[in-house]
Structures are given as structure tokens and as C-alpha cells.
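Here the structure comes first, spelled out in C-alpha cells, and everything after it is commentary.
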Protein chains: 2
Amino acid sequence: MPAQPVLIDGKWRPAAAKSTFQADNPTTGAPLAEIYPVSGFDDCEAALTAATAAAIQLRNTPAETLAAFLEKFAERIERRAAELVETAHAETGLPKQPRLADVELPRTTNQLRQAAAAAREGSWMLPVIDTKLNIRSCLEPVGPVCVFGPNNFPFAFNSVAGGDFAAAIAAGNPVIAKGNTSHPATTRLLAEEAHAAAQEAGLPPATVQMIYRTSHADGARLVADPRVGATAYTGSRAAGLTLKAAADAAGKPIYLELSSVNPVLVLPGALAERGDKIAEEFTGSCLMGAGQFCTNPGMVLLLAGATTDAFIESIAGRFRAATAGTLLSAGVERTLNENVGKLARAGAEIMVGGAPDKSGGYRYANTLLRVTGQKFLADPEKLQTEAFGNASLVVIAKDADEATEVLDSLEGNLTGCVYSDTRGGDDQLYTRLASHLRPKVGRLLNDKMPTGVAVSPAMNHGGPYPATGHAGFTAVGIPASMRRFGALACYDGVRPNRLPAILANQNPGGRAWRTIDGVWTQGDVAI
Amino acid sequence: MPAQPVLIDGKWRPAAAKSTFQADNPTTGAPLAEIYPVSGFDDCEAALTAATAAAIQLRNTPAETLAAFLEKFAERIERRAAELVETAHAETGLPKQPRLADVELPRTTNQLRQAAAAAREGSWMLPVIDTKLNIRSCLEPVGPVCVFGPNNFPFAFNSVAGGDFAAAIAAGNPVIAKGNTSHPATTRLLAEEAHAAAQEAGLPPATVQMIYRTSHADGARLVADPRVGATAYTGSRAAGLTLKAAADAAGKPIYLELSSVNPVLVLPGALAERGDKIAEEFTGSCLMGAGQFCTNPGMVLLLAGATTDAFIESIAGRFRAATAGTLLSAGVERTLNENVGKLARAGAEIMVGGAPDKSGGYRYANTLLRVTGQKFLADPEKLQTEAFGNASLVVIAKDADEATEVLDSLEGNLTGCVYSDTRGGDDQLYTRLASHLRPKVGRLLNDKMPTGVAVSPAMNHGGPYPATGHAGFTAVGIPASMRRFGALACYDGVRPNRLPAILANQNPGGRAWRTIDGVWTQGDVAI
């Protein structure tokens, strides 16, 4: 069987392959039939050249055309939903229903449609007009965007259909997608539909390009190439930081979404008031999708006491009782086992699980670990290792002072949650602890678990390093996520007929919010 | 004479000095009397510890207090204007009038007042409220900001009074200022006034801290410290990129404003229509302040022809006739000479100047170089070396194709200008060339020189790498420049009494523009 072709410059063509790979079925561990190429840099080179030309054409393409493409693509995904769900299930082991068919696929098409609406509307560009000095500025497309998708969302974060893709395209940039190795067939189907939709919409041929895999060295060379505008990467910390080093050295923006333990604080009043309900919520959030979420609650911080002991026992019982989910790949199982071992060697006690589950496919026993605040503080770096999967670490601080120290020792995280009682008994403690948690996390939650990441304009799926590469940006939430793929462009004394439409006196379409002399308005410049 | 004290944690105290230095008077070359310390890392360590505590306090400080500080500081600068102007003149050689007293000092106090107004108003935080999901987000202070000021604006870009300082403070962050080595006394006076104003306003003692100088290694260690929120640096490319590498490796944002040759295109119709006027404008822009501006027009791109030859002769005559200004330091003179030599060795012909001016102090003859487009394209990297000072390179392309190639070969720049005729004769050429220039520059100008950088909300004093470190941000223009010093903070389901004021249902003060369910408004959330 020949290796699958790659999508470069508007054509499906054989890769300049260095080698090949196959995905496997995590439910059985058996390899899947199709063979995929590991591209050499020649493929990257061809994609970069084509993307450079496409980027210039896209600067003069109406936003309406971009929006039409995104909507056609969403429709095509819906028409091919059954095949996509089957394929993604075979490659990831994620449940077909509700997860893939009823949650992730609609989320993906919703993101594409929100991005279409944002492109049409134009406010994402943050247009600013100073009429007195005739200086005008806005964000404009940054240039070709490389997207590296993660293993855990085969649709919604797919490099050729997910949130980064949608945001980069809606901001007017061509995308060079690097598929995730664990679900190449899903990526191929999505790329086919993206390509067809781009042709229908009349976009430049190289607007959407896709390769499956490269060597690490070629990936680093790709993101540092002078022709690249920016890169978006979601995945492991090690690979992400390697790409970051290459991009940084070349002065290229790279937006990372890396590991995070997502601390959850449950205050004593909340435990007393509704400990069982919280234990249930926590277990659900931690074990859903076998815990394979960026925002999985990998750490629970509690204050020592009898209620706390009972709460931990309650969680432990639920972890024991629940069936372990299927993991995405052999690599996830191996890394989970390594990281649980690392936590245990650093002083955490394994209460539940701690070993692979041999009941079939890639599985790991639901795992709960426990450590005192004092021990945590003796080696906070190792004890905040992310164990990606169905595992979590309970940290028991002896008092509020120690809890504060634990929070201060945390690295940057995507989220942090605080559960407190509803009658105000925890309020003083909340004020104190939340002020230490806030600067460590991108999103602070009250009384809910972090695993839901709503596609809301107010969402922040980001946070301080090393959760991401820049705490000013979010990977989810339109239009904010689009701003990662814009460069600030100023027009100083530029003649009216030469201004981009969004900066003209007349508001094109009348929908974009613009700041005119300090006032946000959808109106025109008064003449 | 003992070395001057540094300002750490609210106290003027002796530095933990490794050595000392003196500034000199560029007009005479004679050293100035005062002795300044080169701080060891112990001073940085103390400043970082104090700044960390101040950052926590500042998060709970009303914006009104920050605004009051900035305004009091501006008043104090005005009260001490005569001494500041004398001191800055002695240290920089810049003319007292109009430059220092009538242009730069008012610009500085204007920036401080604009920053105060922006802090009070709150729109810089880009508040977003999703009422349906009760998710809210905004930019919040990023943490202690290190500011490294340049040599060429002793007031307006001073690390303890200039645009970066004002933006970082107005965004709610403490500043650790690293003074520029060439004007320590000016920095000392400004720091004295900043310190006194901070005390009057009741800000935490470590809100404003200042050291004069460190080793390069200690500077790199400072910007990479885990306690730092972000760094702003304006200065030479080599030093800036060293700091960038250190900050990048630690995942710390660093905003750089580095070198730029600021290409100016004069199209044939404009030359024919008003060549003399443009030659006059160009000469003024290029030689003003001895050319020591980030936005100095260091390159002029022309199309070959008789009118072009006459235009170049006209500029050459003006360069010969004008008195060479005083340079900021011996180092600027030496580097200018080296870079002119580098341009000449790469194939540029020296038409005027090209050697130090021996008439007194640090001076260099006004210098004009010339090269063909063909030669430029043979070594574009060397031929776009920035010769910081009163020097410029004319590039003569044989036709529009070659001019396009020259533009495509340019690195990122802060600005790019196009002069065209007023009757439309150049319009086709404009469309073609501007589309290649636009992605290379942060600010595109028509029919004016780039040296004026208005403090406008629409300004972009930024651009693609290596002109800056991130093309999404500007160093001048409020409120946009403040966003560099914010981290995106999301509140998901957070109880109303725990929200920051800017995200509450009621708009605090009623002045901030917020996006509520997709609509920009100064109103409250409808309940």
C-alpha cells in the first residue's frame, strides 16, 4: 500500500517522504491499515513557498470570502459526520456518543461558524482612528500560520479544522497544518473537506495545506522559517518548548498551549456543606475522557481535618469503582505511568491505581495520589508534574499558611478553581487564597470544575508560562484567539483611497466596532 | 566622591556596586563629575523581592491612585524643568531649545497624563463580559516590569519617566528601571521626582525602583527572573537580542524596540512635481538631532533616471551645507563610523562625509551613501545595516521590478514612507510597491517623513522582527502600549462580590468601554 498523499499548494500529491508511520486503534492496540508519510523538509519548503504567495493574495481577499469558506467547511464536516466519527473513534478510542458525535463535532462546526461571523464583522482587528492627526491602525494578517494539533481533540483542536485553524484563517492567513500522529485518517478527511470548501469559495490554492508528520528537527526549522508569520502549538511541554526555542531565536511568534495541573481548592465550609456532591463532580471531571483534557483537575488542595479525610476517602472510592477509560495511545499510557511513578518517587502516596489496566487496549487504572503540604513544598517542581490522563494528586495543607505557600510554589496553569460554602463561612479564606491563586492561572473558577472550556468571547484558554508561551493571549474564544494571528499595522497620513476598508471613514458593512477618537462605535467617521 | 545611591524598596541607598562609571559631556568630551555605581546582582535581588511585594499591593490599589501618582509626577517634572533640561543637555548634547525644553519635556509629561487618564478610564483592559455563561475576562497587571531606556530620549523614553514606564505603571505594575549609562544624572533627577510623587500618592514604596547599570550577565539574569512580569527594552540590537534570548528561555515576555532603517520611497511623479521640497524634508528629518532617532530615514529608495540624479545631488548639497550635530556619546560616534564603513565595504559609495568631524565634541560629518539596486540585492543583509546617526543610504533601482525585490529583501522596520505625486500619476506604482512595503513595516506613511512619532491611540511604534520582538504591540500610543504589561485573566462563574470592579455588572465610573455580549458599551450589564 502506498503512503497517503499530502496536501500542498492545492494538490494532493505524494510526500517527499523520509519514512512512513501507521496509527493504531487504542481500544485494541492493533495497527490501522493506512500508511502515512513522514515528510522531509522538501515538503515544508514547497508548502512555505506556496503559502507565501497565498498570504499576499489573501490580504486582498474580502472577509466575506473567508467567512464563506469557513461556513462551507462546517457544512461539509456535518455532511461527512458519520465517517468522521467512525474514523476518529477508531484512531482515538474516544466514545462515538456523546463525545465525538454530539459534543466535539458540533463544537468544531460552531467554532468555524463563529470565526466566519467574526471575520465578516471585523471587530477582531481592533481598528483605531485618530481623525485629528489622520493616523489609523488595526491588526492585519501576520502571514502563513503553522498549526500543530494535539492528540486529545481529533476535531475541535485538529490542526486543519480546530480552533487555531479557524482563528488563523478568519484572520486572513493561510495555514500549514501538521497533523497529529495519533489520528492521521481523521486529519485526512478534514483536510479533504477543507480543501474542497476552499476551492468552492475561490480561495488561493495554498490557503489550506497539510502534512502528517516531520522529524523534530524539520518541525523546528519550519516554525523558524523567515516566511512564517506565526505558529500555534498544542501538545506536550517538551516538544512545545523545543519549537518555542527555534521560533524565539528567529523572532517568530509562537503560541503554545502546554501542560497544566489545574489546581482545585475545596475550602472547609464547602466540604462540610456539600462534600459528596463535590467529590462526584471532581471524579466526573477527572475521569471524563480518561482525564485527557488540558484542563483536567490534576491537583486538589485541601486543608487538613476529619472532613477532608472523609472527602478523600469518598473520592478514592469513586475512583476505584469507576471503569478506566481508553487512553489515546500507547505513548499516553507509558507517559502516564512514568509520571505517576515520578510523583510517587517524589513522596506522593498512591491511594488508588498506579499501574496499567490489563483489561484490553491502552488503559491505566484510575489513579489517586496523596501528599502533605509539607512534602509538596519540599519538592514542588516534581510534585506538580502533569500526569496526563485519569490521575490526580491530593495535597493536604496543614493550615492556610501552608496552602498559601503551596499556591505560591505553583507554575503557571490554565485554570484554578475554588469551591467555597454558600453561606459566607469560607469568604475570608477565599479572599486570602484566591489572591495567591489568581496570578498563577489564566481562568479562575468558582464552584465548578475546569474541564468545560466554553467557546465564549470572554473565555481564556491560556495562562502564565509554562501553561502557555504568552499570558496575554487565549487559544479558545473568538474573536480574542484571532488576535494571535495579527500584526499591528498603522497608516499615518495615508490617502483615503489607499486605506484598508476597515479603516476608511465609512464603516464597511456597518458592523465592526472601531475606536474613533476614543469612542467605540459601529458608525462612520463624521466628516 | 562616593558613588550615587540607587533607589530600592523606597529608599535611596548605597549600591552593592561591582564598579563605578562616569558619564561625559558630548559637546566637549570631558567627563562629568558625578560617580555612578554598576550594581551587582544583589541590588537586582533586593529590587525583585521588593517589587514582588509591591505588585501584590498594587493589584488592590485603585486606578485613581495610580493616576494621581502619574499626574503628580508630571507636575514635579515641570517644576524641575530648568534643572532637568540643563542636566540632560550636559549629558546628551541635545539642544536645550526647542528640543529638550519645548518638545521632549512636554511630550514626557503629556505621556504621563495620558497614561493617568487611561488608568482612570479602564478601557485598556479590554473587558469582555458574557452574561449568558457568566464568563468575564480582562487584562490585569502582569507583575514587576523591568524597563531599559535608550540613550536618545533622556526624558520621553527614560526608564523612570518615559513611555514604557508610564504604560507599565498605569497598567498597575511596579517598575524596576535600569538607567541609560549615557545620562545617569538626568535619570537620577527623574527618579527623585518619581519617588517623591509615589510617596505623596501613597503607593507601595517599591512601585518605582531604579539602578544605573549592571553587567550584561546580570541584566540577562534580571529579565529572566521568575519574579519578573515583563521587560521593555529600547536600544541596540545586539544588547536587545541578548536580553531577549534570556527572557525567552524563561518564558518571560520582553518587548523590544531595536534598530530600523525606515525606508523612504520617492516615486518618479513626486520627484518631478516637488523634488526640492522633498529633498528639504528628507534632509531635515535625517539630520535632526544628528539623526539619532529610531525612526530616522536611513534608506531612500528611488527609481533610476535624470530626475533622480538631480534629487540625489540636491540632497548631497544640503548634507554638505548643514552643520553636523553633536552625537550622544563617543560610542555612538564610533559605531556610526564602523557602520558607515560596513556599508562602504559592502559596495555603497560615500557621496558626502564618511568620517568623524573634528570641530569639537562627538561629531560625525553628515554622511550620504549611494548604491544601485543590483548591488544592494547582492548583499542586502549588510547594506541594511543601521548607521545610527546623521547618515543615510540612497538605493537606486533600475526599475519597479528591482525596487520590488529590494523591498522584499528588507528586514522588519518600524516605518516605511511613500511619496507620490498629487495628480495620480504614481498611483499604479504606489499600489504595487506599497503592497510589498506594508508587511515589512509597523507604520506606513504617505508624503511625510517618519521622524515624528505622535502619542496617539492609533500610533504604532512597533513592527516586524527585528525592529521589535513582537509585531502585535506598540511602544508608543496609549492605551495600546499598556496592553504589553497585562495578562489575560478570566473569571468563570466567579461570584459577583469577588469580581474585579472592571468586570462587575455596574461599570465603575461609567467611563470604561467594555464588550458585553458582543456590544461595546460604557453602560452596565442589564439585569
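Going by the C-alpha cells order, chains are called A, B, ..., each with residues numbered from 1, while ligands are numbered from 1 in the order shown.
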
Exercise for the section: Determine which residues of region 184-405 of chain A DSSP labels as helix (DSSP H, G or I) from the backbone of this structure, then write them out as a PyMOL selection string. Expected result: chain A and resi 184-201+205-207+216-223+237-249+268-291+306-321+330-345+373-378+380-383+400-405

Quick one: which residues from chain B are at most 6 Å off chain A, using only C-alpha atoms, as a PDB file with C-alpha atoms, in the first residue's frame?
```
ATOM      1  CA  VAL B 128     -15.327  41.248  27.967  1.00  0.00           C
ATOM      2  CA  ILE B 129     -18.497  40.019  29.649  1.00  0.00           C
ATOM      3  CA  ASP B 130     -20.560  37.032  28.518  1.00  0.00           C
ATOM      4  CA  ILE B 135     -17.702  34.287  31.986  1.00  0.00           C
ATOM      5  CA  ARG B 136     -15.810  37.547  32.210  1.00  0.00           C
ATOM      6  CA  SER B 137     -12.259  38.482  31.310  1.00  0.00           C
ATOM      7  CA  GLY B 251       9.110  32.214  29.209  1.00  0.00           C
ATOM      8  CA  GLY B 442       4.796  48.783  11.514  1.00  0.00           C
ATOM      9  CA  ARG B 443       3.778  52.225  10.275  1.00  0.00           C
ATOM     10  CA  LEU B 444       3.201  53.172   6.659  1.00  0.00           C
ATOM     11  CA  LEU B 445       3.326  56.889   5.863  1.00  0.00           C
ATOM     12  CA  ASN B 446       2.292  58.865   2.808  1.00  0.00           C
ATOM     13  CA  ALA B 458      -3.686  54.993  16.709  1.00  0.00           C
ATOM     14  CA  ASN B 460       2.193  52.036  16.071  1.00  0.00           C
ATOM     15  CA  TYR B 465      11.160  41.465  13.905  1.00  0.00           C
ATOM     16  CA  ALA B 471       4.679  42.724  15.761  1.00  0.00           C
ATOM     17  CA  GLY B 472       1.407  42.749  17.696  1.00  0.00           C
ATOM     18  CA  ALA B 487      -2.025  39.247  31.399  1.00  0.00           C
ATOM     19  CA  LEU B 488      -5.396  37.937  30.296  1.00  0.00           C
ATOM     20  CA  ALA B 489      -7.426  36.991  33.381  1.00  0.00           C
ATOM     21  CA  CYS B 490     -10.716  35.139  33.088  1.00  0.00           C
ATOM     22  CA  TYR B 491     -13.410  34.734  35.734  1.00  0.00           C
ATOM     23  CA  ASP B 492     -15.660  31.760  35.081  1.00  0.00           C
ATOM     24  CA  GLY B 493     -18.715  31.552  37.313  1.00  0.00           C
ATOM     25  CA  VAL B 494     -16.997  33.729  39.899  1.00  0.00           C
TER      26      VAL B 494
END
```

Exercise for the section: Using only C-alpha atoms, determine which residues lie at most 7 Å from region 177-184 of chain A, disregarding the query and same-chain residues fewer than 6 positions distant; provide the list as a ChimeraX atom specification. Expected result: /A:23,88,91-92,146-151,154,159-160,209-213

Problem - Å distance separating CA of Gln97 (chain A) from CA of Thr187 (chain A), one decimal place - result: 19.6 Å

Practice task
Fewer than 6 positions away in the same chain doesn't count, so skip those; otherwise give me all residues within 10 Å of Arg99 (chain B), counting only C-alpha atoms, as a VMD selection string.
Solution key: chain B and resid 85 89 105 288 to 289

Completion exercise
Nearest to Leu271 (chain B), restricted to only C-alpha atoms and choosing among B:Thr27, B:Tyr419, B:Arg370, B:Thr207, comes out as B:Tyr419
